$ cat input_19.txt   # compact mmCIF, C-alpha atoms and all ligand atoms
# COMPACT_ATOMS: atom_id res chain seq x y z
CA MET A 1 0.00 0.00 0.00
CA ASP A 2 1.35 3.39 -0.95
CA SER A 3 0.31 6.56 0.76
CA SER A 4 1.69 10.04 0.99
CA VAL A 5 0.46 10.50 4.55
CA GLU A 6 3.28 11.99 6.57
CA ARG A 7 3.68 11.51 10.30
CA SER A 8 4.93 14.92 11.39
CA THR A 9 3.76 18.28 10.15
CA GLU A 10 4.85 20.48 13.00
CA GLY A 11 5.07 24.12 11.98
CA GLN A 12 4.16 23.32 8.37
CA PHE A 13 1.26 25.78 8.19
CA ASP A 14 2.30 28.38 10.76
CA ARG A 15 3.17 31.09 8.25
CA ARG A 16 0.73 30.57 5.41
CA PRO A 17 -2.46 28.66 4.70
CA LEU A 18 -2.67 26.12 1.94
CA LEU A 19 -6.28 27.01 1.14
CA VAL A 20 -8.16 30.29 1.43
CA PHE A 21 -11.92 29.88 1.05
CA TRP A 22 -13.87 32.97 0.12
CA GLU A 23 -17.63 32.74 0.46
CA MET A 24 -18.29 35.34 -2.25
CA THR A 25 -22.01 35.46 -1.52
CA LYS A 26 -24.67 33.66 0.44
CA ALA A 27 -26.96 33.88 -2.59
CA CYS A 28 -27.92 30.54 -4.16
CA GLN A 29 -30.95 29.31 -6.06
CA LEU A 30 -30.85 25.99 -4.21
CA ALA A 31 -31.91 25.32 -0.62
CA CYS A 32 -30.01 22.16 0.28
CA PHE A 33 -31.03 20.81 3.63
CA HIS A 34 -27.45 20.44 4.94
CA CYS A 35 -26.28 23.89 3.74
CA ARG A 36 -23.47 25.33 5.89
CA ALA A 37 -24.11 28.84 4.60
CA ASP A 38 -27.86 28.95 5.20
CA ALA A 39 -27.91 30.20 1.63
CA GLN A 40 -30.64 32.56 0.51
CA LEU A 41 -31.95 33.73 -2.87
CA ILE A 42 -30.39 37.19 -2.67
CA GLY A 43 -26.97 38.09 -1.33
CA GLY A 44 -26.67 40.34 1.72
CA PRO A 45 -26.01 44.08 1.46
CA ASP A 46 -22.78 43.64 3.44
CA GLU A 47 -21.07 41.34 0.91
CA LEU A 48 -17.52 42.31 0.01
CA SER A 49 -17.43 44.54 -3.05
CA THR A 50 -15.34 43.86 -6.14
CA ARG A 51 -12.79 46.37 -4.83
CA GLU A 52 -12.63 44.60 -1.47
CA GLY A 53 -12.28 41.28 -3.30
CA VAL A 54 -9.30 42.71 -5.18
CA GLU A 55 -7.74 43.74 -1.86
CA LEU A 56 -8.32 40.28 -0.45
CA ILE A 57 -6.56 38.78 -3.48
CA ASP A 58 -3.72 41.29 -3.04
CA SER A 59 -3.20 40.12 0.54
CA ILE A 60 -2.96 36.50 -0.62
CA ALA A 61 -0.59 37.37 -3.47
CA ALA A 62 1.64 39.31 -1.05
CA LEU A 63 2.58 35.98 0.55
CA GLY A 64 4.76 35.13 -2.43
CA ARG A 65 5.40 31.55 -3.49
CA PRO A 66 3.95 29.08 -2.85
CA ARG A 67 0.74 31.06 -2.89
CA PRO A 68 -2.32 29.55 -1.25
CA ILE A 69 -5.11 28.31 -3.48
CA LEU A 70 -8.12 30.64 -3.47
CA ILE A 71 -11.38 28.72 -3.53
CA LEU A 72 -14.34 30.81 -4.65
CA THR A 73 -17.40 29.40 -2.97
CA GLY A 74 -20.77 30.46 -1.60
CA GLY A 75 -23.81 30.20 -1.57
CA ASP A 76 -23.26 29.97 -5.29
CA CYS A 77 -20.16 31.86 -6.44
CA LEU A 78 -21.75 32.16 -9.91
CA MET A 79 -24.34 34.50 -8.41
CA ARG A 80 -21.56 37.11 -8.32
CA GLU A 81 -21.44 39.03 -11.61
CA ASP A 82 -17.76 39.85 -11.03
CA ILE A 83 -16.49 36.29 -10.63
CA VAL A 84 -14.66 36.21 -13.99
CA GLU A 85 -13.14 39.65 -13.31
CA LEU A 86 -11.89 38.58 -9.89
CA ALA A 87 -10.59 35.22 -11.13
CA THR A 88 -8.75 37.02 -13.93
CA TYR A 89 -7.19 39.39 -11.41
CA ALA A 90 -6.09 36.53 -9.14
CA HIS A 91 -4.58 34.71 -12.11
CA SER A 92 -2.67 37.85 -13.10
CA LEU A 93 -1.00 37.73 -9.65
CA ASN A 94 -0.32 33.97 -9.94
CA VAL A 95 -2.85 33.12 -7.24
CA PRO A 96 -4.30 29.71 -8.17
CA VAL A 97 -8.11 29.78 -8.23
CA ALA A 98 -10.66 26.99 -7.87
CA ILE A 99 -14.42 27.37 -8.01
CA ALA A 100 -17.17 25.59 -6.10
CA PRO A 101 -20.37 26.55 -7.94
CA SER A 102 -23.89 25.22 -7.53
CA VAL A 103 -25.52 23.35 -10.40
CA THR A 104 -28.16 25.80 -11.62
CA GLU A 105 -28.88 27.51 -14.94
CA LYS A 106 -26.03 29.88 -14.03
CA LEU A 107 -23.56 27.08 -14.75
CA THR A 108 -23.47 27.61 -18.51
CA SER A 109 -20.95 26.53 -21.07
CA SER A 110 -20.06 30.15 -21.83
CA THR A 111 -19.41 30.92 -18.14
CA LEU A 112 -17.22 27.85 -17.81
CA GLN A 113 -15.31 28.87 -20.92
CA ALA A 114 -14.81 32.39 -19.53
CA LEU A 115 -13.57 30.98 -16.21
CA ARG A 116 -11.12 28.67 -17.97
CA ARG A 117 -9.86 31.64 -19.97
CA ALA A 118 -9.52 33.50 -16.66
CA GLY A 119 -7.09 30.78 -15.57
CA VAL A 120 -9.36 28.73 -13.30
CA LYS A 121 -8.17 25.14 -13.46
CA SER A 122 -10.26 23.29 -10.85
CA ALA A 123 -13.94 23.08 -10.10
CA SER A 124 -15.92 21.16 -7.54
CA LEU A 125 -19.57 20.14 -7.56
CA SER A 126 -21.67 18.42 -4.93
CA LEU A 127 -23.17 14.98 -5.37
CA ASP A 128 -24.92 13.65 -2.30
CA GLY A 129 -26.21 10.32 -3.49
CA ALA A 130 -25.87 7.66 -6.14
CA ASN A 131 -29.36 8.14 -7.51
CA ALA A 132 -31.86 10.87 -8.24
CA SER A 133 -34.14 10.20 -5.31
CA THR A 134 -31.39 10.65 -2.69
CA HIS A 135 -29.56 13.56 -4.31
CA ASP A 136 -32.67 15.46 -5.43
CA ALA A 137 -34.16 15.17 -1.93
CA VAL A 138 -31.03 16.79 -0.45
CA ARG A 139 -30.94 19.54 -3.08
CA GLY A 140 -34.68 20.13 -3.06
CA VAL A 141 -34.88 20.14 -6.87
CA THR A 142 -36.28 17.37 -9.05
CA GLY A 143 -33.89 16.56 -11.89
CA HIS A 144 -30.86 17.99 -10.07
CA PHE A 145 -29.04 14.62 -9.99
CA ASP A 146 -29.16 14.32 -13.79
CA ALA A 147 -28.19 17.99 -14.15
CA THR A 148 -25.18 17.40 -11.89
CA LEU A 149 -23.99 14.42 -13.95
CA ARG A 150 -24.29 16.55 -17.10
CA ALA A 151 -22.40 19.37 -15.39
CA ILE A 152 -19.53 17.03 -14.48
CA VAL A 153 -19.25 15.99 -18.14
CA GLU A 154 -19.31 19.66 -19.14
CA LEU A 155 -16.53 20.54 -16.66
CA LYS A 156 -14.39 17.73 -18.08
CA ARG A 157 -15.10 18.92 -21.63
CA HIS A 158 -13.82 22.38 -20.72
CA GLY A 159 -10.66 20.90 -19.24
CA PHE A 160 -11.29 21.51 -15.53
CA THR A 161 -9.76 19.27 -12.92
CA THR A 162 -12.93 17.97 -11.34
CA GLN A 163 -13.70 17.38 -7.70
CA ILE A 164 -16.92 15.92 -6.38
CA ASN A 165 -18.00 16.78 -2.85
CA THR A 166 -20.24 14.33 -1.03
CA THR A 167 -21.64 14.94 2.44
CA VAL A 168 -21.93 11.73 4.43
CA MET A 169 -25.20 11.48 6.32
CA ALA A 170 -26.99 8.62 8.00
CA SER A 171 -29.41 8.68 5.06
CA ASN A 172 -26.85 8.19 2.27
CA VAL A 173 -23.95 6.32 3.85
CA ARG A 174 -24.84 2.98 2.26
CA GLU A 175 -24.77 4.55 -1.22
CA LEU A 176 -21.11 5.53 -1.02
CA ALA A 177 -19.79 2.58 -3.04
CA ASP A 178 -22.30 3.38 -5.77
CA VAL A 179 -21.18 7.02 -5.72
CA ALA A 180 -17.58 5.81 -6.10
CA GLN A 181 -18.61 3.82 -9.17
CA LEU A 182 -20.19 6.94 -10.69
CA LEU A 183 -17.03 8.95 -10.06
CA GLN A 184 -14.91 6.31 -11.71
CA GLN A 185 -17.20 6.19 -14.74
CA LEU A 186 -17.15 9.98 -15.03
CA LYS A 187 -13.35 10.09 -14.64
CA VAL A 188 -13.55 12.52 -11.73
CA ASN A 189 -10.14 13.50 -10.34
CA VAL A 190 -10.88 14.04 -6.65
CA TRP A 191 -13.58 12.81 -4.27
CA GLU A 192 -13.87 15.09 -1.26
CA VAL A 193 -16.04 13.55 1.40
CA PHE A 194 -17.58 15.87 3.99
CA PHE A 195 -18.45 14.52 7.41
CA LEU A 196 -21.44 16.45 8.63
CA ILE A 197 -21.16 19.20 11.22
CA THR A 198 -24.39 20.21 12.83
CA THR A 199 -24.25 23.85 11.77
CA GLY A 200 -26.42 25.96 9.45
CA ARG A 201 -29.26 23.90 8.01
CA GLY A 202 -27.10 20.80 8.65
CA ALA A 203 -28.15 21.07 12.30
CA GLU A 204 -31.36 19.27 11.35
CA VAL A 205 -29.69 16.39 9.51
CA GLU A 206 -28.68 13.13 11.15
CA ALA A 207 -24.91 12.75 11.20
CA THR A 208 -23.19 9.37 11.23
CA SER A 209 -21.84 8.00 14.52
CA ALA A 210 -18.14 7.87 15.35
CA THR A 211 -18.18 4.12 14.77
CA VAL A 212 -19.68 4.53 11.31
CA ASN A 213 -17.26 7.39 10.57
CA GLU A 214 -14.38 5.00 11.27
CA GLU A 215 -15.87 2.39 8.96
CA VAL A 216 -16.44 4.98 6.22
CA CYS A 217 -12.80 6.07 6.51
CA HIS A 218 -11.67 2.47 6.00
CA PHE A 219 -13.97 2.21 3.00
CA LEU A 220 -12.54 5.47 1.59
CA VAL A 221 -9.04 4.01 1.75
CA ASN A 222 -10.34 1.15 -0.43
CA ALA A 223 -12.19 3.55 -2.75
CA SER A 224 -9.05 5.61 -3.35
CA ARG A 225 -7.62 2.73 -5.38
CA TYR A 226 -10.04 3.24 -8.27
CA GLY A 227 -8.60 6.17 -10.18
CA PHE A 228 -9.50 9.22 -8.10
CA THR A 229 -7.89 10.83 -5.09
CA VAL A 230 -9.90 10.80 -1.86
CA ARG A 231 -9.81 13.61 0.69
CA THR A 232 -12.04 14.33 3.65
CA VAL A 233 -13.43 17.50 5.20
CA GLU A 234 -14.05 17.64 8.97
CA ALA A 235 -12.73 14.11 9.32
CA PRO A 236 -8.97 14.52 9.74
CA PHE A 237 -8.96 11.14 11.48
CA PHE A 238 -9.08 9.75 7.94
CA ARG A 239 -5.32 10.39 7.94
CA ARG A 240 -4.93 8.25 11.07
CA VAL A 241 -6.93 5.46 9.41
CA ALA A 242 -4.89 5.70 6.20
CA LEU A 243 -1.69 5.55 8.23
CA GLU A 244 -2.92 2.56 10.24
CA ARG A 245 -3.87 0.76 7.06
CA ARG A 246 -0.46 1.47 5.57
CA ASP A 247 1.28 0.12 8.66
CA GLN A 248 -1.00 -2.77 9.58
CA SER A 249 -2.54 -4.19 6.43
CA PRO A 250 -0.40 -3.24 3.47
CA GLY A 251 -2.30 -4.13 0.34
CA GLY A 252 -5.06 -5.85 2.28
CA ASP A 253 -8.35 -5.37 4.06
CA PRO A 254 -8.60 -4.66 7.76
CA SER A 255 -10.47 -7.26 9.77
CA GLY A 256 -13.36 -6.78 12.15
CA VAL A 257 -14.04 -3.16 11.23
CA GLY A 258 -17.82 -3.45 11.23
CA GLU A 259 -20.98 -4.06 9.24
CA THR A 260 -21.11 -0.73 7.39
CA TYR A 261 -17.53 -1.18 6.20
CA GLU A 262 -18.24 -4.81 5.21
CA PHE A 263 -21.30 -3.73 3.22
CA LEU A 264 -19.46 -0.90 1.42
CA ARG A 265 -16.33 -3.00 0.82
CA SER A 266 -18.23 -5.85 -0.81
CA ARG A 267 -20.49 -3.48 -2.77
CA LEU A 268 -17.42 -1.71 -4.16
CA LEU A 269 -15.89 -5.05 -5.16
CA GLN A 270 -19.17 -6.10 -6.77
CA LEU A 271 -19.37 -2.86 -8.78
CA LEU A 272 -15.74 -2.26 -9.70
CA GLY A 273 -13.89 -5.53 -9.07
CA PRO A 274 -10.58 -5.80 -7.24
CA SER A 275 -7.94 -3.12 -7.68
CA SER A 276 -4.20 -3.45 -7.28
CA ALA A 277 -3.67 0.30 -7.75
CA PRO A 278 -2.01 2.23 -4.93
CA VAL A 279 -4.03 4.15 -2.37
CA ARG A 280 -4.52 7.77 -3.40
CA ALA A 281 -5.22 9.50 -0.12
CA PRO A 282 -2.60 12.24 0.01
CA SER A 283 -3.39 14.43 2.93
CA ALA A 284 -1.73 17.62 3.89
CA ALA A 285 -2.20 17.66 7.66
CA THR A 286 -4.67 20.51 7.63
CA ARG A 287 -7.51 21.22 9.98
CA ASP A 288 -9.73 24.21 10.67
CA GLY A 289 -7.27 27.09 11.13
CA LYS A 290 -4.21 25.01 10.21
CA GLY A 291 -3.58 25.35 6.50
CA ILE A 292 -7.18 26.50 6.09
CA ILE A 293 -8.76 29.91 6.54
CA PHE A 294 -12.25 31.02 5.55
CA VAL A 295 -13.55 34.47 4.64
CA GLY A 296 -17.31 34.84 4.99
CA ALA A 297 -19.53 36.85 2.65
CA ASN A 298 -19.33 39.93 4.89
CA GLY A 299 -15.56 39.67 5.25
CA ASP A 300 -15.52 37.95 8.64
CA ILE A 301 -12.54 35.62 9.02
CA TYR A 302 -13.10 32.12 10.43
CA PRO A 303 -10.86 29.08 11.00
CA SER A 304 -13.10 27.25 8.53
CA GLY A 305 -16.56 27.45 7.06
CA PHE A 306 -17.91 25.15 9.76
CA LEU A 307 -16.43 26.90 12.81
CA PRO A 308 -18.44 30.06 13.49
CA ILE A 309 -15.91 31.93 15.64
CA ALA A 310 -15.08 35.23 13.91
CA LEU A 311 -11.38 36.06 14.28
CA GLY A 312 -11.50 39.45 12.55
CA ASN A 313 -12.78 41.00 9.33
CA VAL A 314 -10.84 41.63 6.14
CA ARG A 315 -12.34 45.15 6.03
CA ASN A 316 -10.29 46.00 9.13
CA ASP A 317 -7.70 43.27 9.48
CA ASN A 318 -5.08 41.76 7.21
CA LEU A 319 -6.09 38.16 6.51
CA ILE A 320 -2.58 36.79 6.76
CA ASP A 321 -1.80 38.65 10.00
CA VAL A 322 -4.93 37.14 11.53
CA TYR A 323 -3.98 33.70 10.24
CA ARG A 324 -0.48 33.96 11.67
CA ASP A 325 -1.13 35.71 14.96
CA HIS A 326 -4.56 34.85 16.34
CA ASP A 327 -4.32 33.06 19.68
CA LEU A 328 -6.98 30.49 18.81
CA LEU A 329 -5.18 29.53 15.61
CA HIS A 330 -1.92 29.24 17.54
CA SER A 331 -3.63 26.80 19.89
CA ILE A 332 -5.19 24.85 17.04
CA ARG A 333 -1.92 24.61 15.12
CA GLY A 334 -0.06 23.76 18.31
CA ALA A 335 -2.47 20.86 19.00
CA ASP A 336 -3.23 22.45 22.35
CA PHE A 337 -6.35 20.37 22.85
CA VAL A 338 -8.36 19.01 25.75
CA GLY A 339 -8.92 15.29 26.34
CA PRO A 340 -8.17 12.40 23.99
CA CYS A 341 -7.21 14.62 21.04
CA GLN A 342 -4.39 16.05 23.17
CA SER A 343 -2.98 12.73 24.32
CA CYS A 344 -3.51 11.03 20.94
CA GLU A 345 -0.26 10.20 19.18
CA GLN A 346 -1.81 11.56 15.96
CA SER A 347 -2.74 14.94 17.43
CA ASP A 348 -0.45 16.75 15.01
CA LEU A 349 -1.23 14.74 11.90
CA CYS A 350 -4.97 14.68 12.66
CA GLY A 351 -6.02 16.89 15.56
CA GLY A 352 -9.71 16.23 15.08
CA SER A 353 -12.40 18.45 13.65
CA ARG A 354 -12.32 21.70 15.59
CA SER A 355 -15.73 22.50 14.12
CA ARG A 356 -17.36 19.37 15.49
CA ALA A 357 -15.73 19.92 18.88
CA TYR A 358 -17.17 23.44 18.94
CA ALA A 359 -20.60 22.37 17.68
CA THR A 360 -20.76 19.74 20.42
CA TYR A 361 -18.96 21.31 23.39
CA GLU A 362 -18.81 25.02 22.46
CA ASN A 363 -15.04 24.62 22.85
CA PRO A 364 -12.98 24.59 19.63
CA LEU A 365 -10.11 22.93 21.51
CA ALA A 366 -12.22 20.05 22.87
CA SER A 367 -11.82 16.55 21.45
CA ASP A 368 -13.66 15.58 18.28
CA PRO A 369 -16.65 13.40 19.22
CA GLY A 370 -16.80 12.18 15.61
CA CYS A 371 -13.64 10.12 16.15
CA VAL A 372 -13.97 6.62 17.50
CA LEU A 373 -10.94 7.13 19.76
CA VAL A 374 -12.80 9.98 21.47
CA SER A 375 -16.29 8.51 21.58
CA GLY A 376 -14.87 5.25 22.95
CA SER A 377 -13.01 7.03 25.74
CA SER A 378 -14.45 8.25 29.04
CA HIS A 379 -14.30 11.83 27.71
S1 LIG B 401 -8.34 11.25 19.07
FE1 LIG B 401 -8.40 13.27 18.07
S2 LIG B 401 -6.33 13.51 17.24
FE2 LIG B 401 -6.57 11.33 17.68
S3 LIG B 401 -7.28 10.42 15.76
FE3 LIG B 401 -9.10 10.95 16.98
S4 LIG B 401 -9.71 12.99 16.27
FE4 LIG B 401 -7.58 12.63 15.62

$ encode --input "input_19.txt" --output "structure tokens"
Amino acid sequence: MDSSVERSTEGQFDRRPLLVFWEMTKACQLACFHCRADAQLIGGPDELSTREGVELIDSIAALGRPRPILILTGGDCLMREDIVELATYAHSLNVPVAIAPSVTEKLTSSTLQALRRAGVKSASLSLDGANASTHDAVRGVTGHFDATLRAIVELKRHGFTTQINTTVMASNVRELADVAQLLQQLKVNVWEVFFLITTGRGAEVEATSATVNEEVCHFLVNASRYGFTVRTVEAPFFRRVALERRDQSPGGDPSGVGETYEFLRSRLLQLLGPSSAPVRAPSAATRDGKGIIFVGANGDIYPSGFLPIALGNVRNDNLIDVYRDHDLLHSIRGADFVGPCQSCEQSDLCGGSRSRAYATYENPLASDPGCVLVSGSSH
């Protein structure tokens, strides 16, 4: 088994983030029931202006090489009329740009062409089930599943590196092998699997248990051998699982992981057959506030899009100064946690979801209850 998971990352992201997310707007024509942004039809009056967006890009470019990747997200980033202008400006300063649009009538061939010409290389779309009934129910739009599959094909046709984001919920977890098959058929480059945080509209959705999370992580190691890279969001313990698998069962299956894993493992084999390809689960040891920083629609700066503790605002504060100097981010990057996440030997490589710790305990330095090592402890 091959894996690029590294054991020590101390200090790696102290000076600069790897990813800067900018929620350009909260406006979106969809109303997905797990939406982090609580998206609405019309953007707020306090959204950053084009000029303020330019200044934000300037602050990222001022970091020099390697520049962080700027991810334009929302809401739906295509609801901003100036997205091509801002992407062009970022490209002119050698700031790599990725987009995370919604699948609506705004996602046209001409817009995609303009964004490619503006230098945008990567795009991510959400797919939350392996069939129309599951995905359309999440998105609240009949026909959205088919539209998303067409949009993936369109992104590939325009030459984008494609990423599919799937939120794992109790209601769709047993479809994950079927989703993996779809991604392989569509030649998707990256599968980014979100583990639900009960924030925004997601607060009303049933998340998976820590035990099931562990089983899904084992399944994702298997799935990463079928032609696409697998990453996780708000499940940094995936890196621990990938490392354990590399050390303990090179090339093989773990034993006794559990029924959900067994189901997904055998379903994947049934759909795609065995694979001798290496594991593709490269994971920079990021977590909320470590390698990641998030700028909300009104300019507020957060450790991530799922951790609603405002650290400053780009209208008054320099984004990079906040990233480097804020006490909370120092504690997060220093793995200054409470409970099992502090004593865990993978506290640096993983460190748990700070967002889930906050959503559960109102303490961003608490242990992540989504990890089986935490839920199984007396914490
Ligand atoms: S106990 Fe915390 S640091 Fe250790 S693997 Fe679990 S979430 Fe990660």

$ closest_residue --input "input_19.txt" --among "A:Leu365, A:Met169, A:Val279, A:Leu93" --to "ligand LIG 401 (chain B)" --atoms "only C-alpha atoms and all ligand atoms"
A:Leu365

$ residues_near_ligand --input "input_19.txt" --ligand "ligand LIG 401 (chain B)" --cutoff "8 Å" --atoms "all atoms listed in the file" --output "list of chain:residue names"
A:Ala235, A:Pro236, A:Phe237, A:Arg240, A:Pro340, A:Cys341, A:Gln342, A:Ser343, A:Cys344, A:Glu345, A:Gln346, A:Ser347, A:Asp348, A:Leu349, A:Cys350, A:Gly351, A:Gly352, A:Ser353, A:Ser367, A:Asp368, A:Pro369, A:Gly370, A:Cys371, A:Val372, A:Leu373, A:Val374

$ residues_around --input "input_19.txt" --residues "A:Ser109" --least-positions-apart "3" --cutoff "8 Å" --atoms "only C-alpha atoms" --output "PyMOL selection string"
chain A and resi 112-113+154

$ atom_distance --input "input_19.txt" --atom1 "atom CA of A:Gly339" --atom2 "atom CA of A:Ala359"
16.2 Å

$ closest_atom_pairs --input "input_19.txt" --of "stretch 164-243 of chain A" --to "stretch 143-148 of chain A" --cutoff "12 Å" --atoms "only C-alpha atoms" --output "tab-separated table"
residue	atom	partner	partner_atom	distance
A:Ile164	CA	A:Thr148	CA	10.0
A:Asn165	CA	A:Thr148	CA	11.6
A:Val179	CA	A:Phe145	CA	11.7
A:Leu182	CA	A:Thr148	CA	11.7
A:Leu183	CA	A:Thr148	CA	11.9
A:Leu186	CA	A:Thr148	CA	11.4

$ atom_distance --input "input_19.txt" --atom1 "atom CA of A:Ile83" --atom2 "atom CA of A:Arg67"
19.6 Å

$ closest_residue --input "input_19.txt" --among "A:Glu105, A:Glu362, A:Asp325, A:Glu81" --to "A:Arg16" --atoms "all atoms listed in the file"
A:Asp325

$ residues_around --input "input_19.txt" --residues "A:Ala27" --least-positions-apart "2" --cutoff "8 Å" --atoms "only C-alpha atoms" --output "PyMOL selection string"
chain A and resi 25+29+39-44+74-76+79

$ atom_distance --input "input_19.txt" --atom1 "atom CA of A:Ala310" --atom2 "atom CA of A:Thr232"
23.5 Å

$ closest_residue --input "input_19.txt" --among "A:Asn316, A:Ser133, A:Thr162, A:Thr142" --to "A:Val120" --atoms "all atoms listed in the file"
A:Thr162

$ closest_residue --input "input_19.txt" --among "A:Tyr89, A:Tyr226, A:Trp191, A:Tyr261" --to "A:Asn213" --atoms "all atoms listed in the file"
A:Tyr261
